[in-house]
Amino acid sequence: MAYTKRFDGRKADQMREVEAKVGVVPRADGSAMFKFGDTIAIAAVYGPRHLHPQFLQDPQQGIIRCSYDMISFSVTERKRPGPARRSQEISDVTARSLEPVLLLSQFPNTVIDVFINIVQADAGTRCAGINAASLALAHAGIPMTDLVGAISVGSLGGSVVVDLTKEEEDYEEDGEKAATDIPMAFTLRDKKISLLQLDGKVKPEDLKKAIEAGRKASEAIYEIQKEALRGLK
Ligand code: ADP
């Protein structure tokens, strides 16, 4: 059975309601909120600042350090606070997805710290976090060649759909998990992929379709990000 009608009635290529805003954490050097439906991410940027301890410094370029976490009441069952393998992995892939657009060579020996907090989670949190972080970096005035837009695309019971909810991620057929989650990020003007992960199985032709759907969605995200930055003036 193909997954033809989405649980929340969206079209296959339709994202949830998206909202973006910069300047949500006044004391940070740059900050932003990014929302996909019930998934809400807040990012705060501090730096570039001198990196301690000194042996971590790179005299050729600055480094970006991301710290992703979901707050305890972001999910229905209280999430245990503190670091975990999942948040460590997401912090690492977030930094890697943003690195290609940052002109880090202008800031040798420094660090740019990006703190990402998920205040409410309904799947797609790493993508919402990357979108918020990309905006917060631009808001902080960090020299960048581009923005980064991230979206999770799914392959569900034979259909390719964008921006999965948790209910869709947990979709089962015959008592077996039948949803594949493919988070991806694009540099928005160059259209290069800076993140591609895969949780589940996918046919090669569906992966191609998913990347195309993700690329299209990322163009819409770009417009929303630009709009949020324009609101700055
Ligand atoms: P992403 O949020 O990027 O899709 P995952 O696929 O790891 O990342 O997580 C999917 C969703 O599962 C999260 O958005 C969240 O809604 C839920 N989730 C993740 N970790 C927990 C947790 N510890 N407790 C409850 N729900 C969780």
# chains A, B, ... in the order shown; residues from 1 in each chain; ligands from 1
$ residues_near_ligand --ligand "ligand 1" --cutoff "10 Å" --atoms "only C-alpha atoms and all ligand atoms" --output "short mmCIF file (atom, residue, chain, number, x, y, z; two decimals) with N, CA and C atoms, in the first residue's frame"
data_model
loop_
_atom_site.label_atom_id
_atom_site.label_comp_id
_atom_site.auth_asym_id
_atom_site.auth_seq_id
_atom_site.Cartn_x
_atom_site.Cartn_y
_atom_site.Cartn_z
N ASP A 38 5.23 22.14 14.32
CA ASP A 38 5.42 22.08 15.77
C ASP A 38 6.87 21.89 16.19
N THR A 39 7.79 21.90 15.25
CA THR A 39 9.22 21.81 15.58
C THR A 39 9.81 23.22 15.62
N ILE A 40 10.34 23.58 16.77
CA ILE A 40 10.86 24.95 16.94
C ILE A 40 12.31 24.90 17.41
N ASP A 69 20.93 20.71 21.36
CA ASP A 69 20.25 19.93 22.40
C ASP A 69 18.75 20.16 22.32
N MET A 70 18.01 19.15 22.78
CA MET A 70 16.55 19.31 22.89
C MET A 70 16.27 19.56 24.37
N ILE A 71 15.48 20.58 24.68
CA ILE A 71 15.22 20.82 26.09
C ILE A 71 14.25 19.76 26.61
N SER A 72 14.28 19.54 27.93
CA SER A 72 13.56 18.40 28.53
C SER A 72 12.09 18.34 28.16
N PHE A 73 11.44 19.50 28.10
CA PHE A 73 9.99 19.48 27.83
C PHE A 73 9.67 19.69 26.35
N SER A 74 10.65 19.45 25.46
CA SER A 74 10.41 19.60 24.02
C SER A 74 9.63 18.43 23.45
N VAL A 75 9.59 17.32 24.18
CA VAL A 75 8.87 16.13 23.73
C VAL A 75 7.88 15.72 24.82
N THR A 76 6.90 14.88 24.47
CA THR A 76 5.84 14.55 25.44
C THR A 76 6.38 13.79 26.64
N GLU A 77 7.27 12.82 26.39
CA GLU A 77 7.94 12.14 27.50
C GLU A 77 9.15 12.99 27.84
N ARG A 78 9.31 13.40 29.10
CA ARG A 78 10.43 14.27 29.46
C ARG A 78 11.75 13.67 28.98
N LYS A 79 12.52 14.49 28.24
CA LYS A 79 13.82 14.01 27.74
C LYS A 79 14.86 14.20 28.83
N ARG A 80 15.68 13.17 29.02
CA ARG A 80 16.74 13.27 30.03
C ARG A 80 17.71 14.38 29.61
N PRO A 81 17.94 15.36 30.49
CA PRO A 81 18.84 16.44 30.08
C PRO A 81 20.30 15.98 29.99
N ALA A 84 24.32 13.49 25.00
CA ALA A 84 24.02 12.11 24.61
C ALA A 84 24.62 11.90 23.23
N ARG A 86 23.21 11.04 20.49
CA ARG A 86 22.41 11.64 19.41
C ARG A 86 22.71 13.14 19.28
N SER A 87 22.73 13.86 20.43
CA SER A 87 22.96 15.31 20.33
C SER A 87 24.40 15.60 19.88
N GLU A 89 26.16 13.75 17.80
CA GLU A 89 26.20 13.50 16.34
C GLU A 89 25.56 14.67 15.61
N ILE A 90 24.40 15.14 16.11
CA ILE A 90 23.71 16.24 15.41
C ILE A 90 24.55 17.52 15.50
N ILE A 118 16.34 22.99 20.89
CA ILE A 118 15.04 22.62 20.34
C ILE A 118 14.03 22.79 21.47
N GLN A 120 10.68 22.71 21.03
CA GLN A 120 9.56 21.79 20.80
C GLN A 120 9.94 20.90 19.62
N ALA A 121 9.73 19.59 19.78
CA ALA A 121 10.20 18.65 18.75
C ALA A 121 9.05 17.82 18.17
N ASP A 122 8.95 17.86 16.85
CA ASP A 122 8.02 16.98 16.14
C ASP A 122 8.70 16.55 14.84
N ALA A 123 9.88 15.95 14.99
CA ALA A 123 10.73 15.51 13.88
C ALA A 123 11.33 16.69 13.10
N GLY A 124 12.40 16.41 12.39
CA GLY A 124 13.05 17.44 11.59
C GLY A 124 13.81 18.46 12.42
N THR A 125 14.20 18.09 13.63
CA THR A 125 14.82 19.10 14.50
C THR A 125 16.22 19.48 14.03
N ARG A 126 16.97 18.50 13.48
CA ARG A 126 18.34 18.87 13.04
C ARG A 126 18.24 19.87 11.90
N CYS A 127 17.23 19.70 11.03
CA CYS A 127 17.09 20.61 9.88
C CYS A 127 16.63 21.99 10.36
N ALA A 128 15.67 22.03 11.27
CA ALA A 128 15.24 23.32 11.81
C ALA A 128 16.43 24.00 12.50
N GLY A 129 17.25 23.20 13.19
CA GLY A 129 18.42 23.74 13.89
C GLY A 129 19.43 24.34 12.91
N ILE A 130 19.68 23.65 11.81
CA ILE A 130 20.63 24.15 10.80
C ILE A 130 20.10 25.45 10.20
N ILE A 151 16.31 20.45 5.04
CA ILE A 151 14.95 19.89 5.00
C ILE A 151 15.06 18.37 5.11
N SER A 152 14.09 17.80 5.79
CA SER A 152 14.08 16.34 5.86
C SER A 152 13.07 15.83 4.84
N VAL A 153 13.51 14.94 3.98
CA VAL A 153 12.63 14.35 2.98
C VAL A 153 12.46 12.88 3.35
N ASP A 163 9.46 17.10 4.57
CA ASP A 163 9.23 17.60 5.92
C ASP A 163 8.35 16.67 6.75
N LEU A 164 8.90 15.53 7.11
CA LEU A 164 8.16 14.53 7.88
C LEU A 164 7.82 15.00 9.28
N THR A 165 6.63 14.63 9.73
CA THR A 165 6.29 14.81 11.15
C THR A 165 6.76 13.55 11.87
N LYS A 166 6.69 13.59 13.21
CA LYS A 166 7.08 12.41 14.00
C LYS A 166 6.14 11.24 13.67
N GLU A 167 4.86 11.56 13.46
CA GLU A 167 3.88 10.52 13.13
C GLU A 167 4.27 9.84 11.81
N GLU A 169 7.40 9.81 10.54
CA GLU A 169 8.67 9.08 10.77
C GLU A 169 8.41 7.71 11.37
N ASP A 170 7.34 7.61 12.17
CA ASP A 170 7.03 6.35 12.85
C ASP A 170 6.08 5.46 12.04
N THR A 180 11.46 6.12 5.68
CA THR A 180 12.89 6.43 5.61
C THR A 180 13.02 7.94 5.70
N ASP A 181 13.91 8.37 6.58
CA ASP A 181 14.09 9.80 6.82
C ASP A 181 15.42 10.21 6.19
N ILE A 182 15.38 11.22 5.34
CA ILE A 182 16.61 11.66 4.65
C ILE A 182 16.81 13.15 4.89
N PRO A 183 17.48 13.51 5.99
CA PRO A 183 17.75 14.93 6.21
C PRO A 183 18.84 15.41 5.25
N GLN A 197 21.94 12.65 5.11
CA GLN A 197 21.92 11.49 6.01
C GLN A 197 20.75 10.61 5.61
N LEU A 198 20.80 9.38 6.06
CA LEU A 198 19.76 8.44 5.65
C LEU A 198 19.47 7.50 6.81
N ASP A 199 18.21 7.54 7.24
CA ASP A 199 17.81 6.63 8.32
C ASP A 199 16.74 5.71 7.74
#
$ closest_residue --among "A:Gln88, A:Thr94, A:Thr110, A:Ser31" --to "Pro53 (chain A)" --atoms "only C-alpha atoms"
A:Thr110
$ closest_residue --among "A:Ser91, A:Ser134, A:Gln57, A:Asn109" --to "Gly30 (chain A)" --atoms "only C-alpha atoms"
A:Ser134
$ atom_distance --atom1 "CA of Val111 (chain A)" --atom2 "CA of Lys35 (chain A)"
26.7 Å
$ select_by_dssp --residues "region 12-230 of chain A" --states "alpha helix (DSSP H)" --output "ChimeraX atom specification"
/A:85-98,125-139,166-169,204-230
$ closest_atom_pairs --of "region 81-183 of chain A" --to "region 223-233 of chain A" --cutoff "12 Å" --atoms "only C-alpha atoms" --output "CSV"
residue,atom,partner,partner_atom,distance
A:Ala128,CA,A:Gln225,CA,11.7
A:Ile130,CA,A:Gln225,CA,11.7
A:Asn131,CA,A:Gln225,CA,8.1
A:Ala132,CA,A:Gln225,CA,8.9
A:Ala133,CA,A:Gln225,CA,11.0
A:Ser134,CA,A:Gln225,CA,8.8
A:Leu135,CA,A:Gln225,CA,6.7
A:Ala136,CA,A:Leu229,CA,9.5
A:Leu137,CA,A:Leu229,CA,10.9
A:Ala138,CA,A:Leu229,CA,8.0
A:His139,CA,A:Leu229,CA,7.1
A:Ala140,CA,A:Leu229,CA,10.9
A:Gly141,CA,A:Leu229,CA,11.0
A:Asp146,CA,A:Lys226,CA,10.9
A:Leu147,CA,A:Gln225,CA,8.3
A:Val148,CA,A:Gln225,CA,9.4
A:Gly149,CA,A:Gln225,CA,8.5
A:Ala150,CA,A:Gln225,CA,11.4
$ write_last_selection --atoms "N, CA, C and O atoms" --output "PDB file, in the first residue's frame"
ATOM      1  N   ALA A 128      15.671  22.032  11.265  1.00  0.00           N
ATOM      2  CA  ALA A 128      15.236  23.323  11.815  1.00  0.00           C
ATOM      3  C   ALA A 128      16.426  23.998  12.498  1.00  0.00           C
ATOM      4  O   ALA A 128      16.623  25.217  12.384  1.00  0.00           O
ATOM      5  N   ILE A 130      19.679  23.649  11.811  1.00  0.00           N
ATOM      6  CA  ILE A 130      20.629  24.154  10.805  1.00  0.00           C
ATOM      7  C   ILE A 130      20.100  25.452  10.195  1.00  0.00           C
ATOM      8  O   ILE A 130      20.841  26.421  10.022  1.00  0.00           O
ATOM      9  N   ASN A 131      18.803  25.489   9.897  1.00  0.00           N
ATOM     10  CA  ASN A 131      18.219  26.708   9.316  1.00  0.00           C
ATOM     11  C   ASN A 131      18.319  27.883  10.296  1.00  0.00           C
ATOM     12  O   ASN A 131      18.642  29.009   9.896  1.00  0.00           O
ATOM     13  N   ALA A 132      18.054  27.611  11.567  1.00  0.00           N
ATOM     14  CA  ALA A 132      18.156  28.668  12.578  1.00  0.00           C
ATOM     15  C   ALA A 132      19.612  29.117  12.716  1.00  0.00           C
ATOM     16  O   ALA A 132      19.905  30.314  12.786  1.00  0.00           O
ATOM     17  N   ALA A 133      20.540  28.154  12.716  1.00  0.00           N
ATOM     18  CA  ALA A 133      21.961  28.480  12.887  1.00  0.00           C
ATOM     19  C   ALA A 133      22.482  29.303  11.711  1.00  0.00           C
ATOM     20  O   ALA A 133      23.224  30.273  11.894  1.00  0.00           O
ATOM     21  N   SER A 134      22.083  28.917  10.505  1.00  0.00           N
ATOM     22  CA  SER A 134      22.521  29.644   9.319  1.00  0.00           C
ATOM     23  C   SER A 134      22.063  31.106   9.404  1.00  0.00           C
ATOM     24  O   SER A 134      22.842  32.038   9.151  1.00  0.00           O
ATOM     25  N   LEU A 135      20.825  31.290   9.810  1.00  0.00           N
ATOM     26  CA  LEU A 135      20.287  32.651   9.962  1.00  0.00           C
ATOM     27  C   LEU A 135      20.998  33.406  11.081  1.00  0.00           C
ATOM     28  O   LEU A 135      21.307  34.589  10.936  1.00  0.00           O
ATOM     29  N   ALA A 136      21.245  32.731  12.195  1.00  0.00           N
ATOM     30  CA  ALA A 136      21.881  33.388  13.338  1.00  0.00           C
ATOM     31  C   ALA A 136      23.306  33.821  12.986  1.00  0.00           C
ATOM     32  O   ALA A 136      23.767  34.883  13.414  1.00  0.00           O
ATOM     33  N   LEU A 137      24.016  33.018  12.197  1.00  0.00           N
ATOM     34  CA  LEU A 137      25.378  33.373  11.767  1.00  0.00           C
ATOM     35  C   LEU A 137      25.334  34.622  10.885  1.00  0.00           C
ATOM     36  O   LEU A 137      26.159  35.535  11.030  1.00  0.00           O
ATOM     37  N   ALA A 138      24.366  34.666   9.971  1.00  0.00           N
ATOM     38  CA  ALA A 138      24.226  35.845   9.114  1.00  0.00           C
ATOM     39  C   ALA A 138      23.851  37.057   9.973  1.00  0.00           C
ATOM     40  O   ALA A 138      24.393  38.150   9.790  1.00  0.00           O
ATOM     41  N   HIS A 139      22.978  36.839  10.925  1.00  0.00           N
ATOM     42  CA  HIS A 139      22.545  37.925  11.820  1.00  0.00           C
ATOM     43  C   HIS A 139      23.716  38.458  12.643  1.00  0.00           C
ATOM     44  O   HIS A 139      23.796  39.643  12.953  1.00  0.00           O
ATOM     45  N   ALA A 140      24.659  37.562  12.978  1.00  0.00           N
ATOM     46  CA  ALA A 140      25.837  37.974  13.757  1.00  0.00           C
ATOM     47  C   ALA A 140      26.843  38.734  12.886  1.00  0.00           C
ATOM     48  O   ALA A 140      27.850  39.227  13.388  1.00  0.00           O
ATOM     49  N   GLY A 141      26.577  38.793  11.588  1.00  0.00           N
ATOM     50  CA  GLY A 141      27.478  39.508  10.689  1.00  0.00           C
ATOM     51  C   GLY A 141      28.725  38.730  10.339  1.00  0.00           C
ATOM     52  O   GLY A 141      29.741  39.299   9.912  1.00  0.00           O
ATOM     53  N   ASP A 146      27.158  32.287   1.485  1.00  0.00           N
ATOM     54  CA  ASP A 146      25.838  31.765   1.152  1.00  0.00           C
ATOM     55  C   ASP A 146      25.082  31.474   2.442  1.00  0.00           C
ATOM     56  O   ASP A 146      25.681  31.433   3.520  1.00  0.00           O
ATOM     57  N   LEU A 147      23.789  31.227   2.340  1.00  0.00           N
ATOM     58  CA  LEU A 147      23.038  30.678   3.472  1.00  0.00           C
ATOM     59  C   LEU A 147      22.924  29.167   3.263  1.00  0.00           C
ATOM     60  O   LEU A 147      23.172  28.672   2.162  1.00  0.00           O
ATOM     61  N   VAL A 148      22.525  28.452   4.314  1.00  0.00           N
ATOM     62  CA  VAL A 148      22.312  27.007   4.195  1.00  0.00           C
ATOM     63  C   VAL A 148      20.851  26.720   4.547  1.00  0.00           C
ATOM     64  O   VAL A 148      20.332  27.272   5.522  1.00  0.00           O
ATOM     65  N   GLY A 149      20.216  25.894   3.733  1.00  0.00           N
ATOM     66  CA  GLY A 149      18.820  25.520   3.987  1.00  0.00           C
ATOM     67  C   GLY A 149      18.712  24.013   4.128  1.00  0.00           C
ATOM     68  O   GLY A 149      19.226  23.282   3.281  1.00  0.00           O
ATOM     69  N   ALA A 150      18.072  23.563   5.202  1.00  0.00           N
ATOM     70  CA  ALA A 150      17.983  22.120   5.448  1.00  0.00           C
ATOM     71  C   ALA A 150      16.525  21.678   5.501  1.00  0.00           C
ATOM     72  O   ALA A 150      15.655  22.424   5.943  1.00  0.00           O
TER      73      ALA A 150
END
$ closest_residue --among "A:Ile112, A:Val161, A:Glu176, A:Gly82" --to "His52 (chain A)" --atoms "only C-alpha atoms"
A:Ile112
$ closest_residue --among "A:Tyr68, A:Val114, A:Ser194, A:Ala213" --to "Arg85 (chain A)" --atoms "only C-alpha atoms"
A:Tyr68
$ select_by_dssp --residues "region 110-151 of chain A" --states "strand (DSSP E or B)" --output "mmCIF file with all heavy atoms, in the first residue's frame"
data_model
loop_
_atom_site.group_PDB
_atom_site.id
_atom_site.type_symbol
_atom_site.label_atom_id
_atom_site.label_comp_id
_atom_site.auth_asym_id
_atom_site.auth_seq_id
_atom_site.Cartn_x
_atom_site.Cartn_y
_atom_site.Cartn_z
ATOM 1 N N THR A 110 40.451 31.718 16.297
ATOM 2 C CA THR A 110 39.207 32.020 17.025
ATOM 3 C C THR A 110 38.213 30.866 16.922
ATOM 4 O O THR A 110 38.418 29.915 16.167
ATOM 5 C CB THR A 110 38.510 33.273 16.457
ATOM 6 O OG1 THR A 110 38.049 32.956 15.144
ATOM 7 C CG2 THR A 110 39.416 34.475 16.430
ATOM 8 N N VAL A 111 37.135 31.002 17.684
ATOM 9 C CA VAL A 111 36.031 30.039 17.615
ATOM 10 C C VAL A 111 34.723 30.819 17.451
ATOM 11 O O VAL A 111 34.572 31.916 17.990
ATOM 12 C CB VAL A 111 35.984 29.153 18.884
ATOM 13 C CG1 VAL A 111 35.734 29.961 20.138
ATOM 14 C CG2 VAL A 111 34.941 28.050 18.750
ATOM 15 N N ILE A 112 33.836 30.237 16.667
ATOM 16 C CA ILE A 112 32.462 30.752 16.609
ATOM 17 C C ILE A 112 31.603 29.684 17.279
ATOM 18 O O ILE A 112 31.562 28.539 16.816
ATOM 19 C CB ILE A 112 32.004 30.970 15.151
ATOM 20 C CG1 ILE A 112 32.897 31.982 14.443
ATOM 21 C CG2 ILE A 112 30.537 31.413 15.112
ATOM 22 C CD1 ILE A 112 32.711 32.037 12.934
ATOM 23 N N ASP A 113 30.966 30.046 18.370
ATOM 24 C CA ASP A 113 30.111 29.083 19.079
ATOM 25 C C ASP A 113 28.668 29.261 18.656
ATOM 26 O O ASP A 113 28.151 30.381 18.638
ATOM 27 C CB ASP A 113 30.221 29.305 20.592
ATOM 28 C CG ASP A 113 31.415 28.571 21.177
ATOM 29 O OD1 ASP A 113 31.537 27.363 20.918
ATOM 30 O OD2 ASP A 113 32.229 29.213 21.862
ATOM 31 N N VAL A 114 28.035 28.149 18.314
ATOM 32 C CA VAL A 114 26.615 28.171 17.924
ATOM 33 C C VAL A 114 25.858 27.230 18.852
ATOM 34 O O VAL A 114 26.116 26.023 18.863
ATOM 35 C CB VAL A 114 26.431 27.700 16.458
ATOM 36 C CG1 VAL A 114 24.969 27.839 16.039
ATOM 37 C CG2 VAL A 114 27.339 28.456 15.507
ATOM 38 N N PHE A 115 24.960 27.785 19.639
ATOM 39 C CA PHE A 115 24.141 26.962 20.546
ATOM 40 C C PHE A 115 22.752 26.821 19.947
ATOM 41 O O PHE A 115 22.098 27.815 19.638
ATOM 42 C CB PHE A 115 24.061 27.620 21.933
ATOM 43 C CG PHE A 115 25.403 27.656 22.616
ATOM 44 C CD1 PHE A 115 26.194 28.790 22.551
ATOM 45 C CD2 PHE A 115 25.885 26.543 23.282
ATOM 46 C CE1 PHE A 115 27.448 28.822 23.157
ATOM 47 C CE2 PHE A 115 27.129 26.562 23.889
ATOM 48 C CZ PHE A 115 27.920 27.702 23.816
ATOM 49 N N ILE A 116 22.344 25.571 19.750
ATOM 50 C CA ILE A 116 21.026 25.303 19.155
ATOM 51 C C ILE A 116 20.178 24.578 20.182
ATOM 52 O O ILE A 116 20.576 23.516 20.688
ATOM 53 C CB ILE A 116 21.165 24.449 17.879
ATOM 54 C CG1 ILE A 116 22.007 25.199 16.845
ATOM 55 C CG2 ILE A 116 19.798 24.080 17.320
ATOM 56 C CD1 ILE A 116 22.519 24.319 15.734
ATOM 57 N N ASN A 117 19.042 25.158 20.490
ATOM 58 C CA ASN A 117 18.123 24.511 21.416
ATOM 59 C C ASN A 117 16.807 24.220 20.724
ATOM 60 O O ASN A 117 16.239 25.101 20.067
ATOM 61 C CB ASN A 117 17.872 25.399 22.629
ATOM 62 C CG ASN A 117 18.875 25.115 23.716
ATOM 63 O OD1 ASN A 117 18.838 24.059 24.334
ATOM 64 N ND2 ASN A 117 19.796 26.043 23.900
ATOM 65 N N ILE A 118 16.340 22.988 20.889
ATOM 66 C CA ILE A 118 15.038 22.623 20.340
ATOM 67 C C ILE A 118 14.035 22.793 21.472
ATOM 68 O O ILE A 118 14.101 22.075 22.474
ATOM 69 C CB ILE A 118 15.041 21.163 19.809
ATOM 70 C CG1 ILE A 118 16.172 20.950 18.789
ATOM 71 C CG2 ILE A 118 13.674 20.794 19.237
ATOM 72 C CD1 ILE A 118 16.154 21.864 17.586
ATOM 73 N N VAL A 119 13.158 23.755 21.307
ATOM 74 C CA VAL A 119 12.210 24.012 22.396
ATOM 75 C C VAL A 119 10.959 23.164 22.247
ATOM 76 O O VAL A 119 10.252 22.909 23.222
ATOM 77 C CB VAL A 119 11.853 25.509 22.542
ATOM 78 C CG1 VAL A 119 13.020 26.281 23.116
ATOM 79 C CG2 VAL A 119 11.434 26.124 21.243
ATOM 80 N N GLN A 120 10.676 22.712 21.031
ATOM 81 C CA GLN A 120 9.560 21.793 20.797
ATOM 82 C C GLN A 120 9.940 20.896 19.624
ATOM 83 O O GLN A 120 10.440 21.388 18.620
ATOM 84 C CB GLN A 120 8.299 22.601 20.489
ATOM 85 C CG GLN A 120 7.030 21.801 20.633
ATOM 86 C CD GLN A 120 5.809 22.699 20.546
ATOM 87 O OE1 GLN A 120 5.324 23.206 21.545
ATOM 88 N NE2 GLN A 120 5.324 22.885 19.345
ATOM 89 N N MET A 144 29.903 35.300 5.144
ATOM 90 C CA MET A 144 29.464 34.014 4.585
ATOM 91 C C MET A 144 29.296 34.153 3.079
ATOM 92 O O MET A 144 28.915 35.218 2.602
ATOM 93 C CB MET A 144 28.087 33.622 5.174
ATOM 94 C CG MET A 144 28.086 33.383 6.658
ATOM 95 S SD MET A 144 26.416 33.481 7.353
ATOM 96 C CE MET A 144 25.788 31.843 6.990
ATOM 97 N N VAL A 148 22.525 28.452 4.314
ATOM 98 C CA VAL A 148 22.312 27.007 4.195
ATOM 99 C C VAL A 148 20.851 26.720 4.547
ATOM 100 O O VAL A 148 20.332 27.272 5.522
ATOM 101 C CB VAL A 148 23.262 26.227 5.141
ATOM 102 C CG1 VAL A 148 22.938 24.740 5.134
ATOM 103 C CG2 VAL A 148 24.713 26.446 4.740
ATOM 104 N N GLY A 149 20.216 25.894 3.733
ATOM 105 C CA GLY A 149 18.820 25.520 3.987
ATOM 106 C C GLY A 149 18.712 24.013 4.128
ATOM 107 O O GLY A 149 19.226 23.282 3.281
ATOM 108 N N ALA A 150 18.072 23.563 5.202
ATOM 109 C CA ALA A 150 17.983 22.120 5.448
ATOM 110 C C ALA A 150 16.525 21.678 5.501
ATOM 111 O O ALA A 150 15.655 22.424 5.943
ATOM 112 C CB ALA A 150 18.682 21.775 6.758
ATOM 113 N N ILE A 151 16.310 20.453 5.042
ATOM 114 C CA ILE A 151 14.954 19.891 5.004
ATOM 115 C C ILE A 151 15.061 18.371 5.107
ATOM 116 O O ILE A 151 15.996 17.781 4.571
ATOM 117 C CB ILE A 151 14.227 20.321 3.694
ATOM 118 C CG1 ILE A 151 12.807 19.755 3.595
ATOM 119 C CG2 ILE A 151 14.989 19.922 2.443
ATOM 120 C CD1 ILE A 151 11.781 20.538 4.347
#
$ closest_residue --among "A:Gly214, A:Leu98, A:Asp29, A:Phe36" --to "Glu17 (chain A)" --atoms "only C-alpha atoms"
A:Phe36
$ atom_distance --atom1 "CA of Gln14 (chain A)" --atom2 "CA of Arg96 (chain A)"
26.7 Å
$ atom_distance --atom1 "CA of Ile63 (chain A)" --atom2 "CA of Leu104 (chain A)"
6.8 Å
$ residues_around --residues "Ala178 (chain A)" --least-positions-apart "2" --cutoff "10 Å" --atoms "only C-alpha atoms" --output "PyMOL selection string"
chain A and resi 3+155-158+168-176+180+200-201
$ write_last_selection --atoms "N, CA and C atoms" --output "compact mmCIF listing (two decimals), in the first residue's frame"
# COMPACT_ATOMS: atom_id res chain seq x y z
N TYR A 3 1.74 5.21 0.55
CA TYR A 3 1.31 6.27 1.46
C TYR A 3 0.90 7.44 0.59
N SER A 155 10.89 8.84 2.47
CA SER A 155 10.34 7.88 1.53
C SER A 155 9.43 6.99 2.37
N LEU A 156 8.14 7.10 2.12
CA LEU A 156 7.15 6.42 2.96
C LEU A 156 6.28 5.51 2.12
N GLY A 157 6.35 4.24 2.37
CA GLY A 157 5.50 3.30 1.65
C GLY A 157 5.43 3.61 0.17
N GLY A 158 6.58 3.88 -0.45
CA GLY A 158 6.62 4.10 -1.90
C GLY A 158 6.41 5.54 -2.35
N GLU A 168 4.76 10.64 10.85
CA GLU A 168 5.19 10.06 9.57
C GLU A 168 6.49 9.27 9.73
N GLU A 169 7.40 9.81 10.54
CA GLU A 169 8.67 9.08 10.77
C GLU A 169 8.41 7.71 11.37
N ASP A 170 7.34 7.61 12.17
CA ASP A 170 7.03 6.35 12.85
C ASP A 170 6.08 5.46 12.04
N TYR A 171 5.81 5.84 10.78
CA TYR A 171 4.86 5.10 9.93
C TYR A 171 5.28 3.63 9.78
N GLU A 172 4.29 2.78 9.93
CA GLU A 172 4.56 1.34 9.82
C GLU A 172 3.62 0.68 8.82
N GLU A 173 4.09 -0.35 8.17
CA GLU A 173 3.23 -1.20 7.33
C GLU A 173 3.45 -2.63 7.77
N ASP A 174 2.39 -3.37 8.00
CA ASP A 174 2.45 -4.75 8.48
C ASP A 174 3.34 -4.86 9.72
N GLY A 175 3.18 -3.92 10.61
CA GLY A 175 3.92 -3.94 11.87
C GLY A 175 5.40 -3.66 11.74
N GLU A 176 5.83 -3.20 10.55
CA GLU A 176 7.26 -2.88 10.38
C GLU A 176 7.45 -1.43 9.99
N THR A 180 11.46 6.12 5.68
CA THR A 180 12.89 6.43 5.61
C THR A 180 13.02 7.94 5.70
N GLY A 200 17.13 4.52 7.32
CA GLY A 200 16.20 3.58 6.71
C GLY A 200 16.74 3.11 5.37
N LYS A 201 15.83 2.54 4.58
CA LYS A 201 16.25 2.05 3.26
C LYS A 201 15.57 2.88 2.19
$ closest_residue --among "A:Arg65, A:Asp92, A:Lys21, A:Gln60" --to "Ser105 (chain A)" --atoms "only C-alpha atoms"
A:Gln60
$ residues_around --residues "Arg215 (chain A)" --least-positions-apart "4" --cutoff "9 Å" --atoms "only C-alpha atoms" --output "PyMOL selection string"
chain A and resi 149+151+184-186+188+191+193+210-211+219
